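File shown: structure-v4.cif (mmCIF, C-alpha atoms).
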```
data_data
#
loop_
_atom_site.label_atom_id
_atom_site.label_comp_id
_atom_site.auth_asym_id
_atom_site.auth_seq_id
_atom_site.Cartn_x
_atom_site.Cartn_y
_atom_site.Cartn_z
CA MET A 1 -25.04 10.98 1.50
CA GLY A 2 -22.35 11.52 4.10
CA GLU A 3 -22.13 7.95 5.43
CA ALA A 4 -18.56 7.33 4.30
CA THR A 5 -17.21 10.74 5.28
CA ALA A 6 -18.89 10.37 8.68
CA LEU A 7 -16.78 7.26 9.30
CA LEU A 8 -13.70 9.12 8.09
CA ASP A 9 -14.42 11.98 10.48
CA ALA A 10 -15.04 9.54 13.33
CA TYR A 11 -11.58 7.99 13.11
CA ARG A 12 -9.34 8.55 16.13
CA PRO A 13 -5.82 7.11 16.50
CA GLY A 14 -5.27 4.40 19.07
CA GLY A 15 -8.72 2.94 19.55
CA THR A 16 -9.94 2.67 15.96
CA ALA A 17 -8.85 1.49 12.52
CA PHE A 18 -9.99 2.91 9.18
CA PHE A 19 -9.97 1.35 5.72
CA GLY A 20 -11.52 2.86 2.60
CA SER A 21 -11.52 1.22 -0.84
CA SER A 22 -13.42 1.33 -4.12
CA THR A 23 -16.00 -1.09 -2.68
CA ARG A 24 -16.60 0.07 0.92
CA THR A 25 -15.54 2.16 3.92
CA LEU A 26 -14.79 0.47 7.25
CA LEU A 27 -14.31 1.89 10.74
CA ALA A 28 -13.29 -0.64 13.40
CA ARG A 29 -13.54 0.14 17.12
CA GLY A 30 -11.93 -1.76 19.98
CA VAL A 31 -10.19 -5.15 19.96
CA ARG A 32 -12.10 -8.37 20.61
CA ALA A 33 -9.28 -10.74 19.57
CA ARG A 34 -5.87 -10.59 17.92
CA VAL A 35 -4.52 -12.91 15.25
CA PRO A 36 -1.65 -14.68 17.05
CA HIS A 37 1.87 -14.95 15.75
CA GLY A 38 2.96 -18.52 15.08
CA ASP A 39 4.37 -21.13 12.75
CA ALA A 40 1.07 -21.88 10.98
CA PRO A 41 0.43 -20.04 7.70
CA LEU A 42 -1.11 -16.60 8.16
CA ALA A 43 -4.29 -17.59 6.29
CA GLU A 44 -4.87 -20.45 8.75
CA ARG A 45 -4.34 -18.21 11.77
CA VAL A 46 -6.74 -15.61 10.35
CA ALA A 47 -9.38 -18.28 9.64
CA ASP A 48 -8.98 -19.81 13.13
CA THR A 49 -9.35 -16.40 14.78
CA LEU A 50 -12.51 -15.66 12.78
CA ARG A 51 -14.02 -19.07 13.59
CA ALA A 52 -13.36 -18.54 17.29
CA ALA A 53 -14.99 -15.09 17.16
CA ARG A 54 -18.06 -16.54 15.42
CA ALA A 55 -18.27 -19.34 18.02
CA GLN A 56 -18.25 -16.66 20.72
CA GLY A 57 -21.34 -15.07 19.21
CA VAL A 58 -19.94 -12.46 16.82
CA GLU A 59 -22.42 -12.63 13.95
CA ARG A 60 -20.17 -11.40 11.12
CA PRO A 61 -16.59 -11.20 12.39
CA VAL A 62 -13.90 -9.44 10.37
CA VAL A 63 -10.13 -9.34 10.75
CA ILE A 64 -8.55 -5.97 9.90
CA GLY A 65 -5.02 -4.58 10.04
CA ALA A 66 -1.57 -4.86 8.48
CA VAL A 67 1.03 -7.51 7.58
CA PRO A 68 4.74 -6.54 7.42
CA PHE A 69 7.08 -6.78 4.43
CA ASP A 70 8.81 -9.69 6.18
CA ALA A 71 6.02 -12.26 6.23
CA GLU A 72 7.79 -14.08 9.10
CA ALA A 73 7.48 -11.03 11.38
CA PRO A 74 4.39 -10.55 13.59
CA ALA A 75 1.30 -9.18 11.83
CA ARG A 76 -0.90 -6.44 13.30
CA LEU A 77 -4.32 -8.02 12.73
CA PHE A 78 -7.36 -8.06 15.02
CA VAL A 79 -11.10 -8.69 15.24
CA PRO A 80 -12.75 -5.43 16.35
CA GLU A 81 -15.44 -5.12 19.00
CA LEU A 82 -17.55 -3.04 16.62
CA LEU A 83 -17.38 -2.60 12.86
CA HIS A 84 -19.15 0.19 11.02
CA THR A 85 -19.53 0.01 7.22
CA ALA A 86 -20.49 2.50 4.53
CA PRO A 87 -20.30 2.84 0.73
CA PRO A 88 -16.99 3.92 -0.85
CA LEU A 89 -15.64 7.39 -0.15
CA GLU A 90 -15.56 8.26 -3.85
CA ARG A 91 -19.38 7.85 -4.00
CA ASP A 92 -19.94 10.23 -1.10
CA PRO A 93 -20.52 13.77 -2.45
CA LEU A 94 -19.16 15.26 0.78
CA ILE A 95 -15.68 13.92 -0.02
CA ALA A 96 -15.41 16.81 -2.50
CA LEU A 97 -15.43 19.34 0.35
CA ASP A 98 -12.08 20.87 1.22
CA ALA A 99 -10.00 18.96 3.72
CA PRO A 100 -8.90 20.72 6.91
CA PRO A 101 -5.69 22.63 6.21
CA ALA A 102 -2.36 21.31 7.44
CA GLY A 103 -1.46 22.74 10.82
CA PRO A 104 1.35 25.20 11.47
CA ALA A 105 3.77 22.55 12.75
CA ALA A 106 7.40 23.35 12.01
CA TRP A 107 8.73 20.06 10.68
CA THR A 108 12.34 18.97 10.75
CA VAL A 109 12.96 16.70 7.75
CA ARG A 110 15.83 14.22 7.58
CA PRO A 111 16.34 11.81 4.66
CA HIS A 112 17.52 8.30 5.46
CA PRO A 113 19.62 7.33 3.63
CA GLU A 114 21.00 10.55 2.17
CA PRO A 115 20.16 11.05 -1.53
CA LEU A 116 23.70 10.32 -2.74
CA VAL A 117 23.75 7.09 -0.73
CA TYR A 118 20.44 6.06 -2.27
CA GLU A 119 21.75 6.78 -5.77
CA ALA A 120 24.79 4.62 -5.02
CA ALA A 121 22.49 1.77 -3.98
CA VAL A 122 20.60 2.06 -7.27
CA ALA A 123 23.89 1.96 -9.18
CA GLU A 124 24.92 -1.15 -7.23
CA ALA A 125 21.62 -2.85 -8.14
CA VAL A 126 22.14 -2.07 -11.83
CA ARG A 127 25.68 -3.46 -11.61
CA ARG A 128 24.45 -6.70 -10.04
CA MET A 129 21.86 -7.04 -12.80
CA ALA A 130 24.60 -6.80 -15.40
CA ASP A 131 26.37 -9.68 -13.64
CA GLY A 132 23.20 -11.82 -13.87
CA GLY A 133 20.89 -13.42 -11.32
CA LEU A 134 18.81 -10.32 -10.64
CA ASP A 135 16.14 -8.88 -12.95
CA LYS A 136 14.56 -6.20 -10.74
CA ALA A 137 14.95 -4.79 -7.24
CA VAL A 138 12.75 -2.25 -5.50
CA LEU A 139 14.90 0.03 -3.37
CA ALA A 140 13.30 2.32 -0.81
CA ARG A 141 14.30 5.31 1.24
CA THR A 142 12.66 7.21 4.08
CA LEU A 143 12.05 10.74 5.26
CA GLU A 144 11.93 11.22 9.01
CA LEU A 145 9.79 14.20 10.04
CA THR A 146 9.72 15.49 13.60
CA ALA A 147 7.75 18.33 15.18
CA ALA A 148 8.02 19.96 18.58
CA GLU A 149 4.22 20.12 18.96
CA PRO A 150 1.76 17.22 18.55
CA PHE A 151 0.04 17.14 15.16
CA ASP A 152 -3.50 16.14 14.20
CA LEU A 153 -3.38 12.61 12.79
CA THR A 154 -7.13 12.56 12.15
CA ALA A 155 -6.95 15.69 10.00
CA MET A 156 -3.99 14.20 8.14
CA LEU A 157 -6.03 11.09 7.27
CA ARG A 158 -8.86 13.29 5.99
CA ARG A 159 -6.46 15.16 3.71
CA LEU A 160 -5.06 11.89 2.36
CA ALA A 161 -8.56 10.57 1.64
CA ARG A 162 -9.70 13.74 -0.11
CA ARG A 163 -6.53 13.94 -2.20
CA ASP A 164 -7.18 10.49 -3.76
CA PRO A 165 -10.74 9.41 -2.86
CA GLY A 166 -10.68 6.61 -5.45
CA GLY A 167 -7.64 4.96 -3.86
CA HIS A 168 -7.24 2.92 -0.69
CA THR A 169 -6.99 5.05 2.45
CA PHE A 170 -6.04 3.40 5.73
CA ALA A 171 -5.04 4.05 9.32
CA VAL A 172 -4.38 1.05 11.59
CA PRO A 173 -2.51 0.50 14.86
CA ALA A 174 1.17 -0.31 14.28
CA GLY A 175 2.14 -1.18 17.86
CA GLU A 176 4.01 0.73 20.55
CA GLY A 177 1.67 3.71 20.28
CA ARG A 178 2.28 4.19 16.56
CA THR A 179 -0.14 4.33 13.65
CA LEU A 180 0.32 3.15 10.08
CA LEU A 181 -1.55 5.42 7.70
CA GLY A 182 -1.50 6.05 4.00
CA ALA A 183 -3.28 6.16 0.66
CA SER A 184 -2.22 3.22 -1.50
CA PRO A 185 -3.06 3.16 -5.21
CA GLU A 186 -2.37 -0.59 -5.54
CA LEU A 187 -4.84 -3.41 -4.91
CA LEU A 188 -2.93 -6.59 -4.12
CA VAL A 189 -5.99 -8.84 -4.37
CA SER A 190 -9.68 -8.94 -3.52
CA ARG A 191 -12.05 -11.89 -3.23
CA HIS A 192 -15.85 -11.63 -3.25
CA GLY A 193 -17.40 -15.07 -3.46
CA SER A 194 -15.64 -16.79 -6.34
CA ALA A 195 -14.68 -13.50 -8.03
CA LEU A 196 -11.02 -12.49 -7.98
CA ARG A 197 -9.45 -9.13 -8.78
CA ALA A 198 -5.83 -7.91 -8.65
CA ASN A 199 -4.34 -4.66 -9.90
CA PRO A 200 -0.53 -4.58 -9.96
CA LEU A 201 1.15 -1.25 -10.65
CA ALA A 202 4.76 -0.89 -11.83
CA GLY A 203 6.41 1.74 -13.97
CA SER A 204 5.78 5.31 -12.82
CA ILE A 205 6.34 8.93 -13.71
CA PRO A 206 5.58 12.09 -11.68
CA ARG A 207 2.60 14.17 -12.76
CA ARG A 208 2.74 17.87 -13.69
CA ALA A 209 0.37 20.74 -12.95
CA ASP A 210 0.29 21.86 -16.58
CA LEU A 211 -2.33 19.76 -18.40
CA ALA A 212 -0.47 19.47 -21.70
CA GLU A 213 2.79 18.49 -19.99
CA ASP A 214 0.93 16.03 -17.73
CA VAL A 215 -0.69 14.28 -20.71
CA THR A 216 2.64 14.20 -22.57
CA ARG A 217 4.30 12.50 -19.62
CA ALA A 218 1.50 9.93 -19.43
CA VAL A 219 1.94 9.10 -23.11
CA GLU A 220 5.71 8.83 -22.63
CA LEU A 221 5.21 6.39 -19.75
CA LEU A 222 2.88 4.21 -21.79
CA ALA A 223 5.46 4.09 -24.60
CA SER A 224 8.53 3.58 -22.37
CA SER A 225 10.21 0.25 -23.10
CA LYS A 226 12.05 0.36 -19.76
CA ASP A 227 8.85 0.90 -17.77
CA ARG A 228 6.88 -1.65 -19.79
CA ARG A 229 9.58 -4.26 -19.07
CA GLU A 230 9.40 -3.42 -15.37
CA HIS A 231 5.62 -3.69 -15.46
CA ALA A 232 5.63 -6.99 -17.36
CA VAL A 233 7.81 -8.59 -14.67
CA VAL A 234 5.23 -7.71 -12.01
CA ALA A 235 2.12 -8.59 -14.03
CA ASP A 236 3.60 -11.95 -15.06
CA ALA A 237 4.49 -12.78 -11.46
CA VAL A 238 0.96 -11.95 -10.27
CA ARG A 239 -0.55 -14.07 -13.06
CA ALA A 240 1.72 -17.01 -12.22
CA ALA A 241 0.92 -16.82 -8.49
CA LEU A 242 -2.87 -16.61 -8.97
CA ALA A 243 -3.33 -19.06 -11.85
CA PRO A 244 -3.23 -22.22 -9.66
CA TYR A 245 -6.24 -20.92 -7.69
CA CYS A 246 -8.36 -20.04 -10.72
CA ALA A 247 -10.79 -21.80 -13.02
CA ARG A 248 -10.47 -18.74 -15.25
CA LEU A 249 -8.00 -15.86 -15.13
CA ASP A 250 -8.23 -12.95 -17.54
CA VAL A 251 -5.07 -10.91 -18.10
CA PRO A 252 -5.03 -7.95 -20.54
CA ASP A 253 -2.42 -8.06 -23.28
CA ALA A 254 -1.04 -4.61 -22.47
CA PRO A 255 -1.02 -2.24 -19.49
CA THR A 256 -3.12 0.88 -19.21
CA LEU A 257 -2.57 4.10 -17.27
CA ALA A 258 -3.63 4.73 -13.69
CA ARG A 259 -3.23 8.07 -11.96
CA THR A 260 -3.07 9.46 -8.46
CA ALA A 261 -2.73 13.09 -7.47
CA ALA A 262 1.08 12.77 -7.66
CA MET A 263 1.91 9.97 -10.12
CA TRP A 264 1.08 8.18 -13.35
CA HIS A 265 1.44 4.38 -13.16
CA LEU A 266 1.31 1.53 -15.62
CA SER A 267 -1.56 -0.69 -14.51
CA THR A 268 -2.91 -4.16 -15.28
CA THR A 269 -6.24 -5.37 -13.86
CA LEU A 270 -6.51 -9.15 -13.60
CA THR A 271 -9.93 -10.69 -13.03
CA GLY A 272 -10.93 -14.29 -12.63
CA GLU A 273 -13.15 -17.04 -11.30
CA LEU A 274 -11.71 -19.05 -8.41
CA SER A 275 -11.61 -22.84 -8.33
CA GLN A 276 -13.24 -24.92 -5.61
CA PRO A 277 -12.55 -25.18 -2.74
CA LEU A 278 -12.40 -21.41 -2.63
CA PRO A 279 -9.18 -19.96 -1.21
CA THR A 280 -9.64 -17.10 1.24
CA ALA A 281 -8.59 -13.54 0.47
CA THR A 282 -5.67 -13.88 2.90
CA GLU A 283 -4.53 -17.13 1.27
CA LEU A 284 -4.48 -15.38 -2.12
CA ALA A 285 -2.69 -12.34 -0.71
CA SER A 286 -0.08 -14.54 0.98
CA ALA A 287 0.59 -16.30 -2.33
CA LEU A 288 1.35 -12.91 -3.89
CA HIS A 289 3.25 -11.21 -1.08
CA PRO A 290 5.73 -9.71 -1.68
CA THR A 291 5.19 -9.02 -5.38
CA PRO A 292 8.01 -7.76 -7.62
CA ALA A 293 6.30 -4.35 -7.35
CA VAL A 294 7.71 -3.92 -3.83
CA CYS A 295 10.53 -6.47 -3.72
CA GLY A 296 11.90 -7.54 -7.09
CA THR A 297 12.68 -10.71 -8.98
CA PRO A 298 13.93 -13.32 -8.37
CA THR A 299 12.45 -12.69 -4.93
CA GLU A 300 15.29 -14.07 -2.82
CA ALA A 301 17.99 -12.27 -4.80
CA ALA A 302 16.05 -9.01 -4.49
CA ARG A 303 15.53 -9.55 -0.74
CA GLU A 304 19.26 -10.11 -0.33
CA LEU A 305 20.07 -6.84 -2.08
CA ILE A 306 17.43 -4.93 -0.10
CA GLY A 307 18.91 -6.26 3.15
CA ALA A 308 22.40 -5.25 2.05
CA VAL A 309 21.75 -1.68 0.86
CA GLU A 310 18.68 -0.38 2.75
CA PRO A 311 19.85 1.00 6.13
CA PHE A 312 16.48 0.53 7.87
CA ASP A 313 13.91 -2.13 8.68
CA ARG A 314 10.90 -1.80 6.37
CA GLY A 315 8.51 -2.92 9.11
CA LEU A 316 4.94 -2.62 7.80
CA TYR A 317 6.01 -0.67 4.70
CA ALA A 318 5.69 -2.73 1.49
CA GLY A 319 3.56 -5.26 3.33
CA MET A 320 -0.20 -5.48 2.95
CA VAL A 321 -3.11 -3.85 4.72
CA GLY A 322 -6.80 -4.70 4.57
CA TRP A 323 -9.47 -7.05 5.86
CA GLN A 324 -11.08 -10.48 5.60
CA ASP A 325 -14.42 -11.78 6.86
CA ALA A 326 -15.38 -15.25 8.12
CA ASP A 327 -16.66 -16.27 4.67
CA GLY A 328 -13.18 -15.68 3.20
CA ASP A 329 -14.05 -12.49 1.34
CA GLY A 330 -11.72 -9.55 1.71
CA GLU A 331 -9.44 -6.91 0.24
CA TRP A 332 -5.70 -6.50 0.67
CA VAL A 333 -3.75 -3.56 -0.71
CA VAL A 334 -0.01 -3.03 -1.00
CA THR A 335 1.25 -0.85 1.86
CA ILE A 336 2.79 2.02 -0.09
CA ARG A 337 2.37 5.84 0.01
CA CYS A 338 2.40 5.40 3.75
CA ALA A 339 3.98 6.51 6.99
CA GLU A 340 4.30 5.34 10.57
CA ALA A 341 3.35 8.08 13.00
CA ASP A 342 3.21 9.00 16.65
CA GLU A 343 2.29 12.37 18.20
CA HIS A 344 5.52 14.10 17.22
CA SER A 345 7.03 12.16 14.32
CA LEU A 346 6.41 10.59 10.95
CA ARG A 347 8.54 8.13 9.03
CA LEU A 348 7.62 8.28 5.35
CA TYR A 349 8.54 5.52 2.90
CA ALA A 350 8.92 5.50 -0.88
CA GLY A 351 10.55 3.06 -3.27
CA ALA A 352 11.41 2.75 -6.96
CA GLY A 353 11.76 -0.29 -9.17
CA VAL A 354 15.32 -0.70 -10.44
CA VAL A 355 15.81 -2.65 -13.67
CA PRO A 356 18.61 -2.80 -16.25
CA GLY A 357 18.93 0.68 -17.70
CA SER A 358 17.70 2.47 -14.58
CA ARG A 359 19.39 5.80 -13.87
CA PRO A 360 20.08 6.59 -10.20
CA GLU A 361 19.00 10.24 -10.52
CA ALA A 362 15.72 9.22 -12.13
CA GLU A 363 14.90 6.69 -9.39
CA LEU A 364 15.71 9.31 -6.73
CA ALA A 365 13.32 11.72 -8.47
CA GLU A 366 10.61 9.05 -8.56
CA THR A 367 10.82 8.48 -4.81
CA ALA A 368 10.74 12.24 -4.23
CA ALA A 369 7.54 12.48 -6.27
CA LYS A 370 5.97 9.60 -4.32
CA PHE A 371 6.75 11.38 -1.05
CA ARG A 372 4.52 14.23 -2.21
CA THR A 373 1.37 12.29 -1.24
CA PHE A 374 2.34 12.68 2.40
CA LEU A 375 4.32 15.89 2.30
CA ASP A 376 1.29 17.70 0.89
CA ALA A 377 -0.86 16.17 3.64
CA VAL A 378 1.41 17.59 6.37
CA GLY A 379 2.07 20.93 4.68
CA VAL A 380 5.76 20.45 3.79
CA SER A 381 6.52 22.23 0.52
CA GLU A 382 10.13 21.07 0.04
#
```

As a first step, turn the structure in this file into structure tokens.
Amino acid sequence: MGEATALLDAYRPGGTAFFGSSTRTLLARGVRARVPHGDAPLAERVADTLRAARAQGVERPVVIGAVPFDAEAPARLFVPELLHTAPPLERDPLIALDAPPAGPAAWTVRPHPEPLVYEAAVAEAVRRMADGGLDKAVLARTLELTAAEPFDLTAMLRRLARRDPGGHTFAVPAGEGRTLLGASPELLVSRHGSALRANPLAGSIPRRADLAEDVTRAVELLASSKDRREHAVVADAVRAALAPYCARLDVPDAPTLARTAAMWHLSTTLTGELSQPLPTATELASALHPTPAVCGTPTEAARELIGAVEPFDRGLYAGMVGWQDADGDGEWVVTIRCAEADEHSLRLYAGAGVVPGSRPEAELAETAAKFRTFLDAVGVSE
């Protein structure tokens, strides 16, 4: 008891990285080696870095960190000097204790783009879909929070973990003194031996405090033809990307419901047995990234629209964050419900899947609900 929460409490920005999932809790200290940027596929560069670390005497080396939305941009991946492991946070009884309260920081909040501009981008995406050549696009917006006084990033991570202990909580260096932290509900892919698991989420609705209303909204989501179409696009794309690597791949016929503290999601859990020779976790993740859950379909058409209408660089948002060991096992999650932070500022990200029939005001409301994961963690009520 207390092993996982002890690692959570030991996290400090700058010199450590934290990753908590449904299978384990990791705390990485120091940097022994970095995965270099280069022309070789990411999976090869990760494998080469791990082999070199093992040759230098590291008994069980692990790479940990984040990969950006643009897979051609430099990743933030490294082999730590020390790696501490523990069981999952959700199995630690101490995770039920109250998180430290949000500090008294007076935040200035600025949306980027402005809500009306975001709604116009959604309307443009729907128009392009009517013209053909685009089935889905995920459009994001940001909130930029600034505070005059430094805020406690460690306490913020603890609040995120305790809000959704069954999710994937992370805090990793993002470069230039910044930290990427968040609590993602979406497993991109995991590999343990020959066992494969992926859990795409697409189709969402905000939760409600009233139990009856909350259950009604969940039932409405499960019955929504628009959201089920959106979800099917993502689940089919994940199946198609993973099938070539599998001797067996099991895909449920219909989605189920998954919940976080803020949202209901349509969810499909794919499981399978990998073919020989076994692909690594990073090879599988690279085959999936970016999924239609964070980009759209067809991928290139969606990327083109995102580049045209989003007035910011996504950076690490909508990329993937996680780990891989020298045996090829690992877990990668989709980098959503996240922010990039320094001592005085946070940039929060949230996106919504736009499909034919999407209403701009509804997609704006969905992103606002997704921001709640972080806004509650920093004590912003509006």

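Across A:Ala362, A:Leu284, A:Met156, A:Leu116, the tightest approach to Leu375 of chain A is made by A:Met156 when counting all atoms listed in the file.
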
Exercise. For Ala281 of chain A, which of A:Leu7, A:Val62, A:Val79, A:Ala73 is the closest residue, counting only C-alpha atoms?
Worked result: A:Val62

Might you pull out every residue within 8 Å of Ala287 of chain A, with only C-alpha atoms counted and same-chain residues fewer than 3 positions away left off, and present them as an mmCIF file with C-alpha atoms, in the frame of the given file?
```cif
data_model
loop_
_atom_site.group_PDB
_atom_site.id
_atom_site.type_symbol
_atom_site.label_atom_id
_atom_site.label_comp_id
_atom_site.auth_asym_id
_atom_site.auth_seq_id
_atom_site.Cartn_x
_atom_site.Cartn_y
_atom_site.Cartn_z
ATOM 1 C CA ALA A 241 0.920 -16.820 -8.490
ATOM 2 C CA LEU A 242 -2.870 -16.610 -8.970
ATOM 3 C CA GLU A 283 -4.530 -17.130 1.270
ATOM 4 C CA LEU A 284 -4.480 -15.380 -2.120
#
```

For this session: Please provide as a list in words all residues within 10 Å of Tyr317 of chain A, with the sequence filter that same-chain residues fewer than 5 positions apart are discarded (counting all atoms listed in the file).
Result: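 Surrounding residues, per the criterion: Ala66, Val67, Pro68, Phe69, Asp70, Ala140, Leu180, Val294, Val334, Thr335, Ile336, Arg337, Cys338, Ala339, Glu340, Leu348, Tyr349, Ala350 and Gly351 of chain A.
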
Exercise. Restricting the calculation to only C-alpha atoms, which member of A:Glu3, A:Glu72, A:Asp48, A:Glu213 is positioned closest to Asp327 of chain A?
Worked result: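 Nearest candidate to Asp327 of chain A out of A:Glu3, A:Glu72, A:Asp48, A:Glu213: A:Asp48.
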
Seminar exercise, completed: With distances taken over only C-alpha atoms, the candidate from A:Thr142, A:Ser22, A:Gln56, A:Thr299 nearest Asp313 of chain A is A:Thr142

Problem set entry | Picked residues, the PyMOL selection byres ((chain A and resi 87) around 9), expected as a list in words | Glu3, Ala4, Gly20, Ser22, Thr23, Arg24, Thr25, Leu26, Thr85, Ala86, Pro88, Leu89, Glu90, Arg91 and Asp92 of chain A

Problem set entry | Answer as JSON, numbers by chain, residues within 12 Å of (-13.9, -17.6, 9.3) using all atoms listed in the file | {"A": [43, 44, 45, 46, 47, 48, 49, 50, 51, 52, 53, 54, 55, 58, 59, 60, 61, 62, 63, 79, 279, 280, 281, 282, 323, 324, 325, 326, 327, 328, 329, 330]}

Next, dump the selected residues to file, keeping only C-alpha atoms, as a PDB file, in the frame of the given file.
```
ATOM      1  CA  ALA A  43      -4.290 -17.590   6.290  1.00  0.00           C
ATOM      2  CA  GLU A  44      -4.870 -20.450   8.750  1.00  0.00           C
ATOM      3  CA  ARG A  45      -4.340 -18.210  11.770  1.00  0.00           C
ATOM      4  CA  VAL A  46      -6.740 -15.610  10.350  1.00  0.00           C
ATOM      5  CA  ALA A  47      -9.380 -18.280   9.640  1.00  0.00           C
ATOM      6  CA  ASP A  48      -8.980 -19.810  13.130  1.00  0.00           C
ATOM      7  CA  THR A  49      -9.350 -16.400  14.780  1.00  0.00           C
ATOM      8  CA  LEU A  50     -12.510 -15.660  12.780  1.00  0.00           C
ATOM      9  CA  ARG A  51     -14.020 -19.070  13.590  1.00  0.00           C
ATOM     10  CA  ALA A  52     -13.360 -18.540  17.290  1.00  0.00           C
ATOM     11  CA  ALA A  53     -14.990 -15.090  17.160  1.00  0.00           C
ATOM     12  CA  ARG A  54     -18.060 -16.540  15.420  1.00  0.00           C
ATOM     13  CA  ALA A  55     -18.270 -19.340  18.020  1.00  0.00           C
ATOM     14  CA  VAL A  58     -19.940 -12.460  16.820  1.00  0.00           C
ATOM     15  CA  GLU A  59     -22.420 -12.630  13.950  1.00  0.00           C
ATOM     16  CA  ARG A  60     -20.170 -11.400  11.120  1.00  0.00           C
ATOM     17  CA  PRO A  61     -16.590 -11.200  12.390  1.00  0.00           C
ATOM     18  CA  VAL A  62     -13.900  -9.440  10.370  1.00  0.00           C
ATOM     19  CA  VAL A  63     -10.130  -9.340  10.750  1.00  0.00           C
ATOM     20  CA  VAL A  79     -11.100  -8.690  15.240  1.00  0.00           C
ATOM     21  CA  PRO A 279      -9.180 -19.960  -1.210  1.00  0.00           C
ATOM     22  CA  THR A 280      -9.640 -17.100   1.240  1.00  0.00           C
ATOM     23  CA  ALA A 281      -8.590 -13.540   0.470  1.00  0.00           C
ATOM     24  CA  THR A 282      -5.670 -13.880   2.900  1.00  0.00           C
ATOM     25  CA  TRP A 323      -9.470  -7.050   5.860  1.00  0.00           C
ATOM     26  CA  GLN A 324     -11.080 -10.480   5.600  1.00  0.00           C
ATOM     27  CA  ASP A 325     -14.420 -11.780   6.860  1.00  0.00           C
ATOM     28  CA  ALA A 326     -15.380 -15.250   8.120  1.00  0.00           C
ATOM     29  CA  ASP A 327     -16.660 -16.270   4.670  1.00  0.00           C
ATOM     30  CA  GLY A 328     -13.180 -15.680   3.200  1.00  0.00           C
ATOM     31  CA  ASP A 329     -14.050 -12.490   1.340  1.00  0.00           C
ATOM     32  CA  GLY A 330     -11.720  -9.550   1.710  1.00  0.00           C
TER      33      GLY A 330
END
```

For this session: Report as a PyMOL selection string the full result of the PyMOL selection byres ((chain A and resi 189) around 8) when it is applied to this structure.
Result: chain A and resi 187-188+190-191+196-199+281+284-285+331-333

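The two atoms in question, atom CA of Ser194 of chain A and atom CA of Pro277 of chain A, are spaced 9.6 Å apart.
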
Problem set entry | Picked residues, the PyMOL selection byres ((chain A and resi 253-264) around 7), expected as an MDAnalysis selection string | chainID A and resid 163:164 204:207 218 251:252 265:268 369:370 372:373
